[in-house]
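> Structure incoming, see below.
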Amino acid sequence: MTEPNATLQTMWQRQSIRKYRDEPVPADHLGLILEAARRAPTGSNRQNWRLIVVTAPDLRQQVAAACMGQTWIGEAGAILVLVKLPDQGDTNGAIVLDHAILAATSLGYGTCWVGAIDREQVGALLGLPDGYTVQNLTPVGIADDTPPRRPRKAPEELFMAEGWGRPLSYEL
Ligand SMILES: Cc1cc2nc3c(=O)[nH]c(=O)nc-3n(C[C@H](O)[C@H](O)[C@H](O)COP(=O)(O)O)c2cc1C
């Protein structure tokens, strides 16, 4: 077995965290996380996304409450809110937020993709212009929990070799 390198370890370390310590994320760490997002690829290099960083405790709590009552989101030191530009798809933004999430993981922070959002309400809280919508968001903070790992489907169900219906398995 080949030992996973640091990048792979980060990917394997990531899991959804739903309990945080109320501590700020230092500016230099936030900077590295945002730079990772900025370097993410986008189709035709359109960079058709924006990201709002929410650190003010009051606003964090309001945003969290507008995520279908997922109040734990507001405990984290920062919330990264991914904004979709008018008439744009979701793909580029998803890559961007995942870059940010993996960067945050590599720095030791917990994160969680959040999609259960009252988008009108969060958009209003953040003053989004007409046509701009909240796509997804993630808290970034110090984990206060080590939840059990969520299961994944077996490789044979997920991967196929050379064409549909030919299961592929691999060894680690
Ligand atoms: C697009 C997307 C939206 C999600 N929305 C939520 C959410 O609103 N609330 C939540 O607690 N988890 C949410 N999750 C987290 C998933 O439940 C989680 O990633 C999945 O169960 C696998 O667990 P893991 O992230 O710990 O590996 C979302 C994940 C994705 C990718």
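Letters A, B, ... mark the chains of the structure tokens in the order given; residue numbers begin at 1 per chain; ligand numbers begin at 1, in order shown.
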Determine which residues of region 30-107 of chain A receive a DSSP assignment of alpha helix (DSSP H), computed from the backbone, and state them as a ChimeraX atom specification.
/A:30-38,57-65,91-106
> Would you export the selected residues with C-alpha atoms as a PDB file, in the first residue's frame, please?

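The result, written out as part12.pdb:
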ATOM      1  CA  LEU A  30      -8.681  32.983   6.363  1.00  0.00           C
ATOM      2  CA  GLY A  31      -6.365  34.472   3.752  1.00  0.00           C
ATOM      3  CA  LEU A  32      -4.952  31.067   2.823  1.00  0.00           C
ATOM      4  CA  ILE A  33      -8.448  29.591   2.592  1.00  0.00           C
ATOM      5  CA  LEU A  34      -9.662  32.419   0.341  1.00  0.00           C
ATOM      6  CA  GLU A  35      -6.559  32.187  -1.834  1.00  0.00           C
ATOM      7  CA  ALA A  36      -7.243  28.479  -2.345  1.00  0.00           C
ATOM      8  CA  ALA A  37     -10.755  29.417  -3.495  1.00  0.00           C
ATOM      9  CA  ARG A  38      -9.412  32.101  -5.834  1.00  0.00           C
ATOM     10  CA  PRO A  57     -21.333  37.027  15.681  1.00  0.00           C
ATOM     11  CA  ASP A  58     -24.779  38.594  15.244  1.00  0.00           C
ATOM     12  CA  LEU A  59     -24.773  38.142  11.490  1.00  0.00           C
ATOM     13  CA  ARG A  60     -23.426  34.590  11.819  1.00  0.00           C
ATOM     14  CA  GLN A  61     -26.374  33.722  14.031  1.00  0.00           C
ATOM     15  CA  GLN A  62     -28.880  35.343  11.685  1.00  0.00           C
ATOM     16  CA  VAL A  63     -27.456  33.491   8.690  1.00  0.00           C
ATOM     17  CA  ALA A  64     -27.497  30.218  10.638  1.00  0.00           C
ATOM     18  CA  ALA A  65     -31.119  30.727  11.674  1.00  0.00           C
ATOM     19  CA  THR A  91     -20.500  23.825 -11.236  1.00  0.00           C
ATOM     20  CA  ASN A  92     -17.840  26.503 -10.939  1.00  0.00           C
ATOM     21  CA  GLY A  93     -18.981  27.622  -7.526  1.00  0.00           C
ATOM     22  CA  ALA A  94     -19.009  24.047  -6.251  1.00  0.00           C
ATOM     23  CA  ILE A  95     -15.381  23.618  -7.247  1.00  0.00           C
ATOM     24  CA  VAL A  96     -14.497  26.920  -5.576  1.00  0.00           C
ATOM     25  CA  LEU A  97     -16.191  26.078  -2.294  1.00  0.00           C
ATOM     26  CA  ASP A  98     -14.620  22.646  -2.245  1.00  0.00           C
ATOM     27  CA  HIS A  99     -11.179  24.210  -2.693  1.00  0.00           C
ATOM     28  CA  ALA A 100     -11.906  26.460   0.283  1.00  0.00           C
ATOM     29  CA  ILE A 101     -13.184  23.537   2.352  1.00  0.00           C
ATOM     30  CA  LEU A 102     -10.139  21.400   1.662  1.00  0.00           C
ATOM     31  CA  ALA A 103      -7.805  24.306   2.416  1.00  0.00           C
ATOM     32  CA  ALA A 104      -9.633  24.868   5.713  1.00  0.00           C
ATOM     33  CA  THR A 105      -9.369  21.153   6.480  1.00  0.00           C
ATOM     34  CA  SER A 106      -5.635  21.207   5.804  1.00  0.00           C
TER      35      SER A 106
END
> Distance limit 9 Å, reference ligand 1, atoms considered: only C-alpha atoms and all ligand atoms. Which residues make the cut? Give them as a list in words.
Trp12, Arg14, Gln15, Ser16, Ile17, Arg18, Cys67, Met68, Gln70, Ile73, Ala94, Thr111, Cys112, Trp113, Val114, Gly115, Ala116, Ile117, Asn136, Leu137, Thr138, Pro147, Pro148, Arg149, Arg150, Pro151 and Arg152 of chain A
> Emit the selected residues as a short mmCIF file (atom, residue, chain, number, x, y, z; two decimals), in the first residue's frame, including C-alpha atoms.

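Listing of out_34.cif after writing:
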data_model
loop_
_atom_site.label_atom_id
_atom_site.label_comp_id
_atom_site.auth_asym_id
_atom_site.auth_seq_id
_atom_site.Cartn_x
_atom_site.Cartn_y
_atom_site.Cartn_z
CA TRP A 12 -9.57 11.87 3.70
CA ARG A 14 -12.50 16.10 5.81
CA GLN A 15 -15.86 15.27 7.25
CA SER A 16 -18.93 17.34 8.01
CA ILE A 17 -18.68 19.02 11.42
CA ARG A 18 -21.87 20.21 13.08
CA CYS A 67 -30.47 27.84 7.21
CA MET A 68 -33.60 25.98 8.25
CA GLN A 70 -29.25 24.86 11.69
CA ILE A 73 -23.53 26.96 11.79
CA ALA A 94 -19.01 24.05 -6.25
CA THR A 111 -16.38 22.62 7.78
CA CYS A 112 -19.73 21.46 6.45
CA TRP A 113 -21.32 21.94 3.07
CA VAL A 114 -24.70 23.53 3.67
CA GLY A 115 -27.47 23.47 1.08
CA ALA A 116 -30.56 23.71 3.28
CA ILE A 117 -30.77 27.49 3.06
CA ASN A 136 -24.12 27.07 -0.72
CA LEU A 137 -22.22 27.97 2.40
CA THR A 138 -19.90 26.42 4.92
CA PRO A 147 -18.56 12.42 14.65
CA PRO A 148 -18.48 8.90 13.23
CA ARG A 149 -17.59 8.68 9.57
CA ARG A 150 -20.49 8.52 7.15
CA PRO A 151 -20.39 5.36 5.04
CA ARG A 152 -19.56 5.32 1.34
#
> Could you please determine the separation between CA of Phe159 (chain A) and CA of Gly89 (chain A) in Å, to one decimal place?
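Separation of CA of Phe159 (chain A) and CA of Gly89 (chain A): 26.1 Å.
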> Between A:Ala161, A:Val134, A:Leu126, A:Ala40, which one has atoms that come closest to Asp90 (chain A), using only C-alpha atoms?
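Under the stated criterion, the closest residue is A:Val134.
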> Which residue out of A:Glu162, A:Glu171, A:Asp22, A:Glu157 has the minimum interatomic distance to Met1 (chain A) when only C-alpha atoms are used?
A:Glu171
> Quick one: distance from CA of Arg46 (chain A) to CA of Val83 (chain A) in Å, one decimal?
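Separation of CA of Arg46 (chain A) and CA of Val83 (chain A): 14.1 Å.
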> List as a PyMOL selection string the protein and nucleic acid residues near Glu156 (chain A), meaning an atom at most 6 Å away when only C-alpha atoms are counted, but skip any in the same chain fewer than 6 places from it.
chain A and resi 167-169
> Just the selected residues (N, CA and C atoms), exported as a JSON list (two decimals), in the first residue's frame, please.

[["chain", "number", "residue", "atom", "x", "y", "z"],
["A", 167, "PRO", "N", -17.81, -3.53, -13.44],
["A", 167, "PRO", "CA", -17.32, -3.06, -12.15],
["A", 167, "PRO", "C", -15.79, -2.99, -12.11],
["A", 168, "LEU", "N", -15.33, -1.97, -11.46],
["A", 168, "LEU", "CA", -13.88, -1.79, -11.29],
["A", 168, "LEU", "C", -13.62, -1.76, -9.80],
["A", 169, "SER", "N", -12.67, -2.52, -9.36],
["A", 169, "SER", "CA", -12.27, -2.38, -7.97],
["A", 169, "SER", "C", -10.78, -2.07, -7.93]]
> Using DSSP on the backbone coordinates, identify all residues within region 6-104 of chain A classified as strand (DSSP E or B); present the result as a PyMOL selection string.
chain A and resi 16+20-21+49-54+78-84
> Restricting the calculation to only C-alpha atoms: of A:Gln9, A:Thr133, A:Thr55, A:Gln47, which residue gets closest to Leu80 (chain A)?
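Looking only at the distances to Leu80 (chain A), the closest residue turns out to be A:Thr55.
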> Which residue is closest to Arg119 (chain A)? Choose from A:Val81, A:Lys19, A:Gln88, A:Gly141 and count only C-alpha atoms.
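Smallest distance to Arg119 (chain A) is found for A:Val81.
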> For CA of Ala76 (chain A) and CA of Ala124 (chain A), determine how far apart the two atoms are, in Å to one decimal place.
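Computing it gives 21.1 Å between the two atoms.
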> Using only C-alpha atoms, which of the listed residues (A:Ala66, A:Ile79, A:Pro41, A:Lys84) sits closest to Asp118 (chain A)?
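Looking at the shortest contact to Asp118 (chain A), the residue is A:Ala66.
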> May I have the residues within 8 Å of Arg21 (chain A) as an MDAnalysis selection string, using only C-alpha atoms and disregarding those fewer than 5 positions away in the same chain?
chainID A and resid 75:77 141:144
